[in-house]
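The file structure.cif comes next; it holds mmCIF, C-alpha atoms.
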data_final
loop_
_atom_site.label_atom_id
_atom_site.label_comp_id
_atom_site.auth_asym_id
_atom_site.auth_seq_id
_atom_site.Cartn_x
_atom_site.Cartn_y
_atom_site.Cartn_z
CA MET L 1 -10.28 37.29 -37.85
CA THR L 2 -12.25 39.35 -40.33
CA SER L 3 -10.47 40.68 -43.37
CA ILE L 4 -11.16 44.31 -42.41
CA ALA L 5 -9.13 44.11 -39.19
CA GLN L 6 -5.91 45.30 -40.86
CA PRO L 7 -7.49 48.23 -42.80
CA MET L 8 -9.41 49.22 -39.68
CA LEU L 9 -6.25 49.30 -37.58
CA GLN L 10 -4.45 51.32 -40.27
CA PHE L 11 -7.36 53.76 -40.47
CA ILE L 12 -7.38 54.29 -36.70
CA ALA L 13 -3.59 54.78 -36.68
CA ALA L 14 -3.82 57.37 -39.46
CA ALA L 15 -6.54 59.40 -37.69
CA PRO L 16 -5.60 62.56 -35.76
CA GLU L 17 -4.48 61.49 -32.27
CA GLY L 18 -5.18 57.93 -33.36
CA GLU L 19 -8.81 58.14 -32.31
CA VAL L 20 -11.95 57.52 -34.37
CA THR L 21 -15.65 56.89 -33.81
CA THR L 22 -17.65 53.90 -35.02
CA ALA L 23 -19.46 56.13 -37.53
CA GLN L 24 -16.15 57.22 -39.12
CA VAL L 25 -14.99 53.60 -39.47
CA VAL L 26 -18.36 52.62 -40.94
CA ALA L 27 -18.10 55.44 -43.51
CA GLU L 28 -14.48 54.67 -44.37
CA LEU L 29 -14.67 50.90 -44.67
CA ASP L 30 -18.26 50.73 -45.91
CA ARG L 31 -19.28 47.93 -43.56
CA CYS L 32 -22.19 47.69 -41.12
CA ARG L 33 -21.81 48.70 -37.47
CA LYS L 34 -22.12 45.13 -36.28
CA ILE L 35 -19.07 43.97 -38.25
CA ILE L 36 -17.12 47.02 -37.10
CA ALA L 37 -18.02 46.31 -33.45
CA THR L 38 -16.99 42.65 -33.79
CA THR L 39 -13.70 43.57 -35.45
CA ALA L 40 -13.05 46.21 -32.79
CA ALA L 41 -13.61 43.57 -30.12
CA THR L 42 -11.01 41.35 -31.76
CA LEU L 43 -8.50 44.18 -32.01
CA ARG L 44 -9.21 45.17 -28.42
CA ARG L 45 -8.72 41.60 -27.25
CA ARG L 46 -5.27 41.71 -28.82
CA LYS L 47 -4.73 45.05 -27.09
CA LEU L 48 -4.02 46.74 -30.44
CA ILE L 49 -6.75 49.30 -29.79
CA GLU L 50 -8.62 50.53 -26.74
CA SER L 51 -12.05 52.03 -26.26
CA PRO L 52 -11.92 55.17 -24.10
CA ALA L 53 -15.66 55.74 -24.48
CA ARG L 54 -18.60 53.94 -26.03
CA GLY L 55 -18.23 53.90 -29.80
CA VAL L 56 -14.75 55.47 -29.73
CA TYR L 57 -11.62 53.55 -30.68
CA ARG L 58 -8.05 54.61 -30.03
CA ILE L 59 -4.89 52.89 -31.19
CA THR L 60 -2.52 51.70 -28.45
CA GLN L 61 1.26 51.68 -28.50
CA ALA L 62 1.07 47.93 -29.14
CA GLY L 63 -1.10 48.70 -32.19
CA ARG L 64 1.43 51.20 -33.56
CA ASP L 65 4.26 48.74 -32.91
CA TRP L 66 2.28 46.07 -34.75
CA LEU L 67 1.90 48.26 -37.85
CA ALA L 68 5.51 49.44 -37.66
CA SER L 69 6.72 45.84 -37.67
CA GLY L 70 4.84 45.28 -40.94
CA ARG L 71 2.93 42.31 -39.60
CA THR L 72 -0.52 41.47 -40.96
CA ILE L 73 -3.42 40.42 -38.78
CA ALA L 74 -4.58 36.89 -39.49
CA SER L 75 -6.44 34.19 -37.66
CA GLY L 76 -4.65 31.84 -35.28
CA GLN L 77 -2.06 34.39 -34.13
CA GLY L 78 -3.47 35.03 -30.67
CA ARG L 79 -3.43 32.69 -27.74
CA ARG L 80 -6.14 30.10 -27.53
CA ARG L 81 -9.39 31.56 -26.31
CA ILE L 82 -11.86 30.06 -23.86
CA GLU L 83 -11.25 26.50 -22.78
CA ARG L 84 -14.71 25.07 -23.29
CA THR L 85 -15.70 22.24 -20.99
CA ASN L 86 -17.28 19.73 -23.27
CA GLY L 87 -16.63 16.27 -21.92
CA LEU L 88 -19.17 14.67 -19.61
CA ARG L 89 -16.68 14.46 -16.74
CA GLU L 90 -15.68 18.12 -17.11
CA ARG L 91 -19.31 19.19 -17.14
CA ALA L 92 -20.06 16.88 -14.21
CA TRP L 93 -17.19 18.44 -12.24
CA TRP L 94 -18.68 21.87 -12.86
CA LEU L 95 -22.05 20.69 -11.54
CA MET L 96 -20.49 18.91 -8.56
CA ARG L 97 -18.90 22.21 -7.50
CA GLU L 98 -22.28 23.85 -7.86
CA LEU L 99 -24.39 21.28 -6.04
CA ARG L 100 -21.87 20.06 -3.45
CA LYS L 101 -24.18 17.13 -2.55
CA PHE L 102 -25.49 15.07 -5.42
CA THR L 103 -26.30 11.66 -6.84
CA VAL L 104 -25.21 10.35 -10.23
CA ALA L 105 -28.88 10.66 -11.23
CA ASP L 106 -28.80 14.40 -10.43
CA LEU L 107 -25.77 14.87 -12.66
CA LEU L 108 -27.26 12.89 -15.52
CA THR L 109 -30.66 14.62 -15.35
CA THR L 110 -28.92 17.93 -15.96
CA LEU L 111 -26.06 16.96 -18.24
CA ALA L 112 -26.70 13.81 -20.23
CA ASP L 113 -28.44 14.15 -23.58
CA GLY L 114 -28.79 10.48 -24.39
CA SER L 115 -25.98 10.45 -26.94
CA GLU L 116 -23.31 9.38 -24.43
CA ARG L 117 -22.24 5.78 -24.26
CA ASP L 118 -22.77 4.45 -20.73
CA ALA L 119 -22.94 7.87 -19.08
CA HIS L 120 -23.97 6.30 -15.76
CA GLY L 121 -20.99 3.95 -15.67
CA ASN L 122 -18.63 6.70 -16.80
CA LEU L 123 -19.58 9.04 -13.95
CA GLY L 124 -19.75 6.16 -11.47
CA ARG L 125 -16.15 5.19 -12.24
CA TYR L 126 -15.04 8.82 -12.14
CA LEU L 127 -16.63 9.36 -8.71
CA SER L 128 -15.11 6.16 -7.45
CA VAL L 129 -11.56 7.28 -8.23
CA LEU L 130 -12.25 10.74 -6.87
CA GLU L 131 -13.42 9.07 -3.68
CA GLN L 132 -10.16 7.11 -3.53
CA ALA L 133 -8.26 10.36 -4.00
CA GLY L 134 -10.19 11.99 -1.14
CA VAL L 135 -11.97 14.52 -3.33
CA VAL L 136 -15.53 13.26 -2.83
CA GLN L 137 -17.07 11.25 -0.05
CA ARG L 138 -20.17 9.10 -0.04
CA MET L 139 -22.77 9.81 2.59
CA ARG L 140 -24.27 7.14 4.82
CA ARG L 141 -27.77 8.13 3.72
CA ARG L 142 -28.91 6.94 0.31
CA VAL L 143 -31.53 8.55 -1.90
CA PRO L 144 -34.33 6.03 -2.54
CA GLY L 145 -34.60 4.70 -6.09
CA ALA L 146 -37.77 3.93 -8.01
CA ALA L 147 -37.20 0.21 -8.65
CA VAL L 148 -38.60 -2.24 -6.11
CA THR L 149 -35.21 -3.91 -5.78
CA SER L 150 -33.23 -0.67 -5.71
CA ASN L 151 -30.66 -0.12 -2.98
CA GLY L 152 -31.04 3.61 -3.58
CA HIS L 153 -28.66 6.11 -5.11
CA ILE L 154 -25.37 6.92 -3.44
CA LEU L 155 -25.38 10.47 -2.15
CA TRP L 156 -22.00 12.07 -2.80
CA TRP L 157 -20.44 15.10 -1.12
CA LEU L 158 -17.71 17.20 -2.68
CA LYS L 159 -15.20 17.18 0.16
CA ARG L 160 -12.37 19.06 -1.56
CA ASP L 161 -13.07 21.70 -4.16
CA LEU L 162 -9.88 21.56 -6.20
CA GLY L 163 -10.77 24.46 -8.52
CA ARG L 164 -12.36 25.22 -11.84
CA MET L 165 -10.66 22.60 -13.93
CA ALA L 166 -11.83 19.02 -13.57
CA PRO L 167 -9.43 16.51 -12.03
CA VAL L 168 -8.25 13.93 -14.55
CA TRP L 169 -8.09 10.18 -13.91
CA ARG L 170 -4.87 8.80 -15.37
CA GLN L 171 -5.60 5.17 -15.73
CA ARG L 172 -2.10 4.15 -16.82
CA HIS L 173 -0.48 5.68 -13.75
CA ARG L 174 -3.46 4.98 -11.53
CA THR L 175 -3.42 8.52 -10.20
CA VAL L 176 -5.68 11.57 -10.29
CA TYR L 177 -4.14 14.72 -11.75
CA ASP L 178 -5.33 18.10 -10.52
CA PRO L 179 -4.79 20.61 -13.36
CA ASN L 180 -5.53 23.54 -11.03
CA SER L 181 -2.53 23.04 -8.79
CA GLY L 182 -0.54 20.65 -10.95
CA ASP L 183 -0.57 18.10 -8.12
CA VAL L 184 -0.92 14.40 -8.60
CA LEU L 185 -3.25 12.80 -6.08
CA ALA L 186 -2.48 9.26 -5.08
CA LEU L 187 -5.33 6.85 -4.48
CA ALA L 188 -5.93 5.62 -0.96
CA SER L 189 -6.24 2.01 -2.10
CA ALA L 190 -5.27 1.71 -5.72
CA ASP L 191 -6.82 -1.70 -6.32
CA ALA L 192 -10.32 -0.78 -5.27
CA ALA L 193 -10.64 2.13 -7.62
CA VAL L 194 -11.53 1.22 -11.12
CA THR L 195 -13.97 -1.61 -10.72
CA GLY L 196 -17.71 -0.84 -10.60
CA ALA L 197 -18.44 2.13 -8.48
CA GLU L 198 -22.14 2.39 -8.10
CA GLY L 199 -23.15 -1.10 -7.16
CA GLY L 200 -25.59 -1.69 -10.01
CA HIS L 201 -27.78 0.53 -12.09
CA HIS L 202 -31.09 -0.07 -10.37
CA GLU L 203 -33.08 3.06 -9.76
CA MET W 204 -36.75 6.36 -15.51
CA LYS W 205 -33.88 7.42 -17.71
CA ARG W 206 -31.79 10.26 -16.40
CA GLU W 207 -31.36 12.75 -19.20
CA PHE W 208 -31.81 16.41 -19.84
CA VAL W 209 -35.04 17.07 -21.74
CA LYS W 210 -34.77 19.74 -24.42
CA THR W 211 -38.09 21.47 -23.93
CA ASP W 212 -39.27 24.44 -25.95
CA ASN W 213 -38.09 26.66 -23.09
CA ALA W 214 -34.59 25.15 -23.19
CA LYS W 215 -34.45 25.58 -26.98
CA ARG W 216 -35.56 29.21 -26.69
CA PHE W 217 -32.91 29.81 -24.04
CA ARG W 218 -30.17 28.40 -26.29
CA ALA W 219 -31.40 30.53 -29.19
CA GLY W 220 -31.20 33.58 -26.91
CA VAL W 221 -27.63 32.77 -25.94
CA ALA W 222 -26.67 32.37 -29.60
CA MET W 223 -28.28 35.72 -30.36
CA LEU W 224 -26.40 37.43 -27.54
CA GLU W 225 -23.09 35.96 -28.62
CA ALA W 226 -23.59 37.63 -31.99
CA ARG W 227 -24.70 40.97 -30.53
CA GLY W 228 -23.54 44.34 -31.81
CA ALA W 229 -23.19 46.45 -28.66
CA LEU W 230 -20.77 44.44 -26.58
CA GLU W 231 -21.82 45.88 -23.23
CA ALA W 232 -25.46 44.89 -23.81
CA GLY W 233 -24.81 41.23 -23.18
CA TRP W 234 -27.30 40.49 -20.42
CA MET W 235 -30.15 38.04 -20.54
CA LEU W 236 -33.05 37.75 -18.12
CA VAL W 237 -34.68 34.37 -17.68
CA ILE W 238 -38.16 34.61 -16.20
CA GLY W 239 -40.51 31.85 -15.14
CA ARG W 240 -42.48 30.10 -12.41
CA PRO W 241 -40.74 27.87 -9.84
CA GLY W 242 -40.25 24.29 -11.06
CA GLU W 243 -40.32 25.25 -14.72
CA GLY W 244 -36.72 24.10 -15.27
CA LYS W 245 -34.92 27.44 -15.22
CA THR W 246 -32.08 26.40 -12.93
CA THR W 247 -31.63 23.00 -14.61
CA THR W 248 -31.47 24.68 -18.02
CA LEU W 249 -28.96 27.21 -16.70
CA HIS W 250 -26.85 24.43 -15.17
CA ASN W 251 -26.95 22.50 -18.43
CA TRP W 252 -25.66 25.46 -20.43
CA ALA W 253 -23.31 26.89 -17.81
CA ALA W 254 -21.54 23.55 -17.29
CA GLU W 255 -20.90 23.44 -21.04
CA ALA W 256 -19.80 27.07 -21.28
CA GLY W 257 -17.65 26.89 -18.14
CA ALA W 258 -19.57 29.82 -16.69
CA VAL W 259 -19.30 31.02 -13.14
CA MET W 260 -22.61 30.72 -11.33
CA LEU W 261 -23.73 32.72 -8.34
CA THR W 262 -26.95 32.48 -6.36
CA ALA W 263 -28.09 35.76 -4.85
CA GLN W 264 -29.50 35.60 -1.35
CA GLU W 265 -31.33 37.82 1.07
CA GLY W 266 -28.92 40.38 2.48
CA TRP W 267 -26.37 39.94 -0.30
CA THR W 268 -23.71 42.65 -0.45
CA PRO W 269 -21.15 43.43 -3.18
CA SER W 270 -18.27 42.34 -0.96
CA ARG W 271 -19.95 39.04 -0.15
CA MET W 272 -20.71 38.57 -3.82
CA LEU W 273 -17.10 39.24 -4.83
CA GLY W 274 -15.94 36.81 -2.16
CA GLU W 275 -18.14 34.10 -3.66
CA LEU W 276 -16.99 35.00 -7.16
CA ALA W 277 -13.36 34.71 -6.08
CA GLU W 278 -14.01 31.32 -4.52
CA LYS W 279 -15.66 30.03 -7.68
CA LEU W 280 -12.77 31.28 -9.80
CA GLY W 281 -10.18 29.87 -7.42
CA ILE W 282 -8.76 33.30 -6.55
CA GLU W 283 -7.38 33.98 -3.09
CA PRO W 284 -9.35 36.80 -1.42
CA VAL W 285 -6.22 38.82 -0.64
CA ARG W 286 -5.50 42.47 -1.42
CA GLY W 287 -6.31 43.37 -5.02
CA PHE W 288 -8.40 40.26 -5.63
CA GLU W 289 -11.21 42.33 -7.19
CA LYS W 290 -8.88 43.34 -10.01
CA LYS W 291 -7.80 39.74 -10.44
CA ILE W 292 -11.45 38.69 -10.76
CA GLU W 293 -12.03 41.23 -13.51
CA GLU W 294 -8.88 40.16 -15.34
CA THR W 295 -9.75 36.46 -15.14
CA ILE W 296 -13.31 36.99 -16.38
CA ALA W 297 -12.15 39.26 -19.21
CA GLY W 298 -9.11 37.19 -20.18
CA GLU W 299 -10.87 33.85 -20.24
CA GLU W 300 -14.23 35.29 -21.34
CA ILE W 301 -16.14 33.55 -18.59
CA PRO W 302 -19.91 34.11 -18.71
CA ILE W 303 -21.62 34.93 -15.41
CA VAL W 304 -24.87 33.29 -14.34
CA LEU W 305 -26.88 34.82 -11.52
CA ASP W 306 -29.69 32.75 -10.07
CA GLU W 307 -32.40 34.30 -7.85
CA ALA W 308 -31.31 37.63 -9.31
CA ALA W 309 -34.10 39.59 -7.60
CA PHE W 310 -32.15 39.41 -4.33
CA ALA W 311 -29.35 41.34 -6.05
CA LEU W 312 -31.70 44.31 -6.50
CA HIS W 313 -31.53 45.30 -2.84
CA ASN W 314 -29.73 48.41 -1.73
CA SER W 315 -30.17 50.26 -5.06
CA ALA W 316 -29.08 47.14 -6.93
CA ALA W 317 -25.54 47.53 -5.55
CA CYS W 318 -24.57 43.95 -6.45
CA LEU W 319 -25.88 44.24 -10.01
CA GLU W 320 -24.13 47.58 -10.45
CA ARG W 321 -20.86 45.94 -9.37
CA LEU W 322 -21.43 43.12 -11.87
CA ARG W 323 -22.23 45.74 -14.51
CA GLY W 324 -18.80 47.22 -13.91
CA ILE W 325 -17.24 43.83 -14.54
CA THR W 326 -19.25 42.84 -17.63
CA ASP W 327 -18.95 46.30 -19.24
CA LYS W 328 -15.19 45.96 -19.22
CA SER W 329 -14.97 42.27 -20.00
CA CYS W 330 -17.85 42.31 -22.54
CA THR W 331 -18.85 38.88 -21.31
CA LEU W 332 -22.31 37.39 -21.23
CA MET W 333 -24.43 37.56 -18.09
CA VAL W 334 -27.57 35.53 -17.55
CA MET W 335 -29.94 36.29 -14.68
CA ALA W 336 -32.81 34.11 -13.53
CA ALA W 337 -35.76 35.54 -11.65
CA MET W 338 -39.44 35.06 -10.97
CA GLU W 339 -42.18 36.50 -13.16
CA GLN W 340 -43.23 39.02 -10.47
CA ASP W 341 -39.71 40.50 -10.40
CA ARG W 342 -39.77 41.64 -14.02
CA PRO W 343 -40.92 45.23 -13.27
CA LYS W 344 -38.18 45.61 -10.64
CA PHE W 345 -35.56 45.11 -13.35
CA ALA W 346 -37.39 47.41 -15.75
CA ARG W 347 -37.27 50.23 -13.19
CA ARG W 348 -33.46 50.24 -13.16
CA MET W 349 -32.59 51.83 -16.48
CA GLN W 350 -28.84 51.20 -16.24
CA ILE W 351 -29.57 47.51 -15.77
CA ALA W 352 -32.53 47.25 -18.16
CA SER W 353 -30.60 48.87 -21.02
CA ARG W 354 -28.09 46.03 -20.89
CA ILE W 355 -30.69 43.28 -21.05
CA SER W 356 -30.83 42.43 -24.73
CA TYR W 357 -33.00 39.36 -24.41
CA VAL W 358 -35.71 38.23 -22.00
CA CYS W 359 -36.30 34.51 -22.11
CA ASP W 360 -39.75 33.68 -20.79
CA PHE W 361 -40.02 30.15 -19.47
CA HIS W 362 -43.61 29.43 -20.39
CA LYS W 363 -45.76 26.71 -18.95
CA SER W 364 -44.67 23.48 -20.66
CA THR W 365 -46.94 22.39 -23.47
CA LEU W 366 -48.65 19.04 -23.78
CA ASP W 367 -46.07 18.21 -26.47
CA ASP W 368 -43.25 19.03 -24.05
CA VAL W 369 -44.70 16.70 -21.41
CA GLY W 370 -45.24 14.05 -24.09
CA ALA W 371 -41.63 14.42 -25.22
CA ALA W 372 -40.41 14.13 -21.62
CA CYS W 373 -42.49 10.97 -21.09
CA ALA W 374 -41.17 9.46 -24.32
CA GLN W 375 -37.54 10.40 -23.62
CA LEU W 376 -37.37 9.54 -19.94
CA GLY W 377 -39.91 6.77 -19.56
CA GLU W 378 -38.68 3.21 -19.68
CA VAL W 379 -42.24 1.99 -20.19
CA GLU W 380 -44.63 3.33 -22.80
CA ILE W 381 -46.93 5.99 -21.37
CA GLY W 382 -50.34 6.27 -23.06
CA PRO W 383 -51.54 9.61 -24.47
CA ASP W 384 -54.43 9.82 -21.96
CA LEU W 385 -51.97 9.45 -19.11
CA VAL W 386 -49.65 12.05 -20.66
CA GLU W 387 -52.63 14.40 -20.66
CA ARG W 388 -53.33 13.65 -17.02
CA ILE W 389 -49.68 14.19 -16.07
CA HIS W 390 -49.80 17.51 -17.91
CA ARG W 391 -52.96 18.51 -16.02
CA ASP W 392 -52.05 17.22 -12.54
CA THR W 393 -48.54 18.65 -12.56
CA ASP W 394 -49.73 21.97 -13.98
CA ALA W 395 -47.00 21.37 -16.57
CA ARG W 396 -44.15 22.00 -14.10
CA MET W 397 -41.17 19.94 -15.21
CA ARG W 398 -40.06 19.22 -11.64
CA LEU W 399 -43.42 17.57 -10.94
CA VAL W 400 -43.56 15.87 -14.35
CA MET W 401 -40.40 13.95 -13.42
CA THR W 402 -41.98 12.80 -10.15
CA ALA W 403 -45.12 11.71 -12.00
CA ILE W 404 -43.13 9.70 -14.58
CA ASN W 405 -41.27 7.99 -11.75
CA ARG W 406 -44.54 7.06 -10.04
CA VAL W 407 -46.38 5.70 -13.06
CA GLU W 408 -43.30 3.69 -13.97
CA ALA W 409 -43.19 2.16 -10.52
CA VAL W 410 -46.84 1.06 -10.97
CA ALA W 411 -46.11 -0.37 -14.43
CA ARG W 412 -43.11 -2.26 -13.14
CA ARG W 413 -45.01 -3.66 -10.17
CA ASN W 414 -47.71 -4.94 -12.49
CA GLY W 415 -45.22 -6.16 -15.10
CA LYS W 416 -46.71 -3.97 -17.83
CA PRO W 417 -44.70 -2.60 -20.76
CA ARG W 418 -47.31 0.13 -21.30
CA ILE W 419 -49.32 2.17 -18.84
CA ASP W 420 -52.49 4.19 -19.35
CA ALA W 421 -54.60 6.55 -17.25
CA ALA W 422 -56.93 3.73 -16.19
CA ASP W 423 -54.00 1.90 -14.54
CA VAL W 424 -53.28 4.74 -12.15
CA LYS W 425 -56.83 5.88 -11.43
CA GLY W 426 -57.05 7.37 -7.94
CA LEU W 427 -53.27 7.53 -7.56
CA ALA W 428 -51.78 10.94 -6.80
CA LEU W 429 -49.08 11.50 -9.41
CA CYS W 430 -47.29 14.27 -7.55
CA GLU W 431 -47.56 16.49 -4.51
CA ASP W 432 -48.17 19.99 -5.74
CA PHE W 433 -47.78 22.17 -2.64
CA ASN W 434 -49.59 25.02 -4.33
CA ARG W 435 -52.68 23.02 -5.17
CA ALA W 436 -52.68 21.37 -1.77
CA ILE W 437 -52.87 24.79 -0.14
CA VAL W 438 -55.52 26.07 -2.55
CA ARG W 439 -57.69 23.00 -2.03
CA GLY W 440 -57.16 22.97 1.70
CA GLY W 441 -54.86 20.00 1.54
CA VAL W 442 -57.48 17.69 0.01
CA ARG W 443 -56.54 16.15 -3.30
CA LYS W 444 -59.43 15.05 -5.42
CA GLY W 445 -59.01 11.74 -7.25
CA ALA W 446 -58.40 11.83 -10.99
#
Structure encoded using structure tokens:
Amino acid sequence: MTSIAQPMLQFIAAAPEGEVTTAQVVAELDRCRKIIATTAATLRRRKLIESPARGVYRITQAGRDWLASGRTIASGQGRRRIERTNGLRERAWWLMRELRKFTVADLLTTLADGSERDAHGNLGRYLSVLEQAGVVQRMRRRVPGAAVTSNGHILWWLKRDLGRMAPVWRQRHRTVYDPNSGDVLALASADAAVTGAEGGHHE
Amino acid sequence: MKREFVKTDNAKRFRAGVAMLEARGALEAGWMLVIGRPGEGKTTTLHNWAAEAGAVMLTAQEGWTPSRMLGELAEKLGIEPVRGFEKKIEETIAGEEIPIVLDEAAFALHNSAACLERLRGITDKSCTLMVMAAMEQDRPKFARRMQIASRISYVCDFHKSTLDDVGAACAQLGEVEIGPDLVERIHRDTDARMRLVMTAINRVEAVARRNGKPRIDAADVKGLALCEDFNRAIVRGGVRKGA
């Protein structure tokens, strides 16, 4: 939160009918338009102000209540913003939903940057448990690999799209947790799950 | 061949564009247009970023309508398409600040750009980022629609990959050393299209492996077609001349 958020809110509240333009805020607070726009976005996100037209800000009842309560705007008060999907499995889940049919090689070509430790094994194990939970299914057809001795890549199909959030493999409980519905998916055969999924790394 | 995402100049320029848009002044002008030839890596680059940003990705198709588009958007967001679901879509995108990615965006220009106008309604309110990918020849079609064009703050041109890009891809992905003369040939034969570069790396590696060589040069693959470029095959009447 920028330090001008509180003065900006007070200025808007003090204006006739609680409505000001960007130019007025710029003149009053002596900051550039960009900072004013960013601060306005933050205030709007908290629903303390609204924007009835482009470049016009109006205080909301929530904004007046905020000032009346004597509270000061500071960082960390709002709810957590976007849940970024950073882990390889989360990003792979996003891509699986997009591609529907894929190989581990397809996922890695798009997502891996070389800094991951055993990215191939990681996704192979993940897909294996998802298969046990009935979320993905391997196709009979394999995609040919480049190596002379390669058995080809397993072609996977996303059978059940659980939702935006990636299912989580809970190793201790040997279950797959679906954060979208809150369900816990049991594995079809628990023993077969964790050990090597891909049958070697030959391409 | 190693399976990794190659950060080409195009990919770096795209990321820089996204960073610029995230710091934009006018919140409603948060659209980006990605333009380039087929096989240049546009979709892969979009996937790479969108998976990280948790974006919702749509692919426009021939005959796309706003209702069909909203249905797809609801499905991606996990929203039941019941009464009032359009409002729920807008709330989810605004509340969670989900960027929208639209591939093959030229198909969304049909019917007075009805689909894009609907998306404009969503992004104007949510102030979220929207990235559209299209072909080079579609650029004027976007420029003609002022309401749309005024929201595009950045156009990311996916240029033909440079020799350095192809060299970097060979070095990053190749599990055998690829000589500079062969890198040059890959660059020439593939017309610097990343999709074909990957095929070429795969092929030269297979030759190197078969011959037990840790390094491969142009002389080792003389006469071998490194990739099947449909465009060249048509232009040359289906006859590929040896290298």
With distances taken over all atoms listed in the file, the candidate from W:Thr246, W:Asn251, W:Ser315, W:Asn213 nearest chain L is W:Asn251
For the file shown, what are the residues hit by the PyMOL selection byres ((chain L) within 6 of (chain W)), laid out as a list in words?
Lys34, Ile82, Arg84, Thr85, Asn86, Arg91, Trp94, Ala105, Leu108, Thr109, Thr110, Leu111, Ala112, Asp113 and Gly163 of chain L
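Of note, atom CA of W:Met397 and atom CA of W:Val237 are spaced 16.0 Å apart.
Taking atom CA of W:Val379 and atom CA of W:Lys363 as the two end points, the separation is 25.0 Å.
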Among listed residues L:Val136, L:Val104, L:Val143, L:Ile49, nearest L:Gln10 (using all atoms listed in the file):
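Answer, going by the shortest atom-to-atom distance: L:Ile49.
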Can you translate the PyMOL selection byres ((chain L and resi 185) around 10) into the concrete residues it hits in this file, as a list in words?
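Here the PyMOL selection byres ((chain L and resi 185) around 10) matches Leu130, Gln132, Ala133, Gly134, Val135, Pro167, Val168, Trp169, Arg174, Thr175, Val176, Tyr177, Asp178, Gly182, Asp183, Val184, Ala186, Leu187 and Ala188 of chain L.
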Evaluate the PyMOL selection byres ((chain L and resi 123) around 9) on the structure here and hand back the selected residues as a list in words.
Leu88, Arg89, Ala92, Val104, Leu107, Leu108, Asp118, Ala119, His120, Gly121, Asn122, Gly124, Arg125, Tyr126, Leu127, Ser128 and Ala197 of chain L
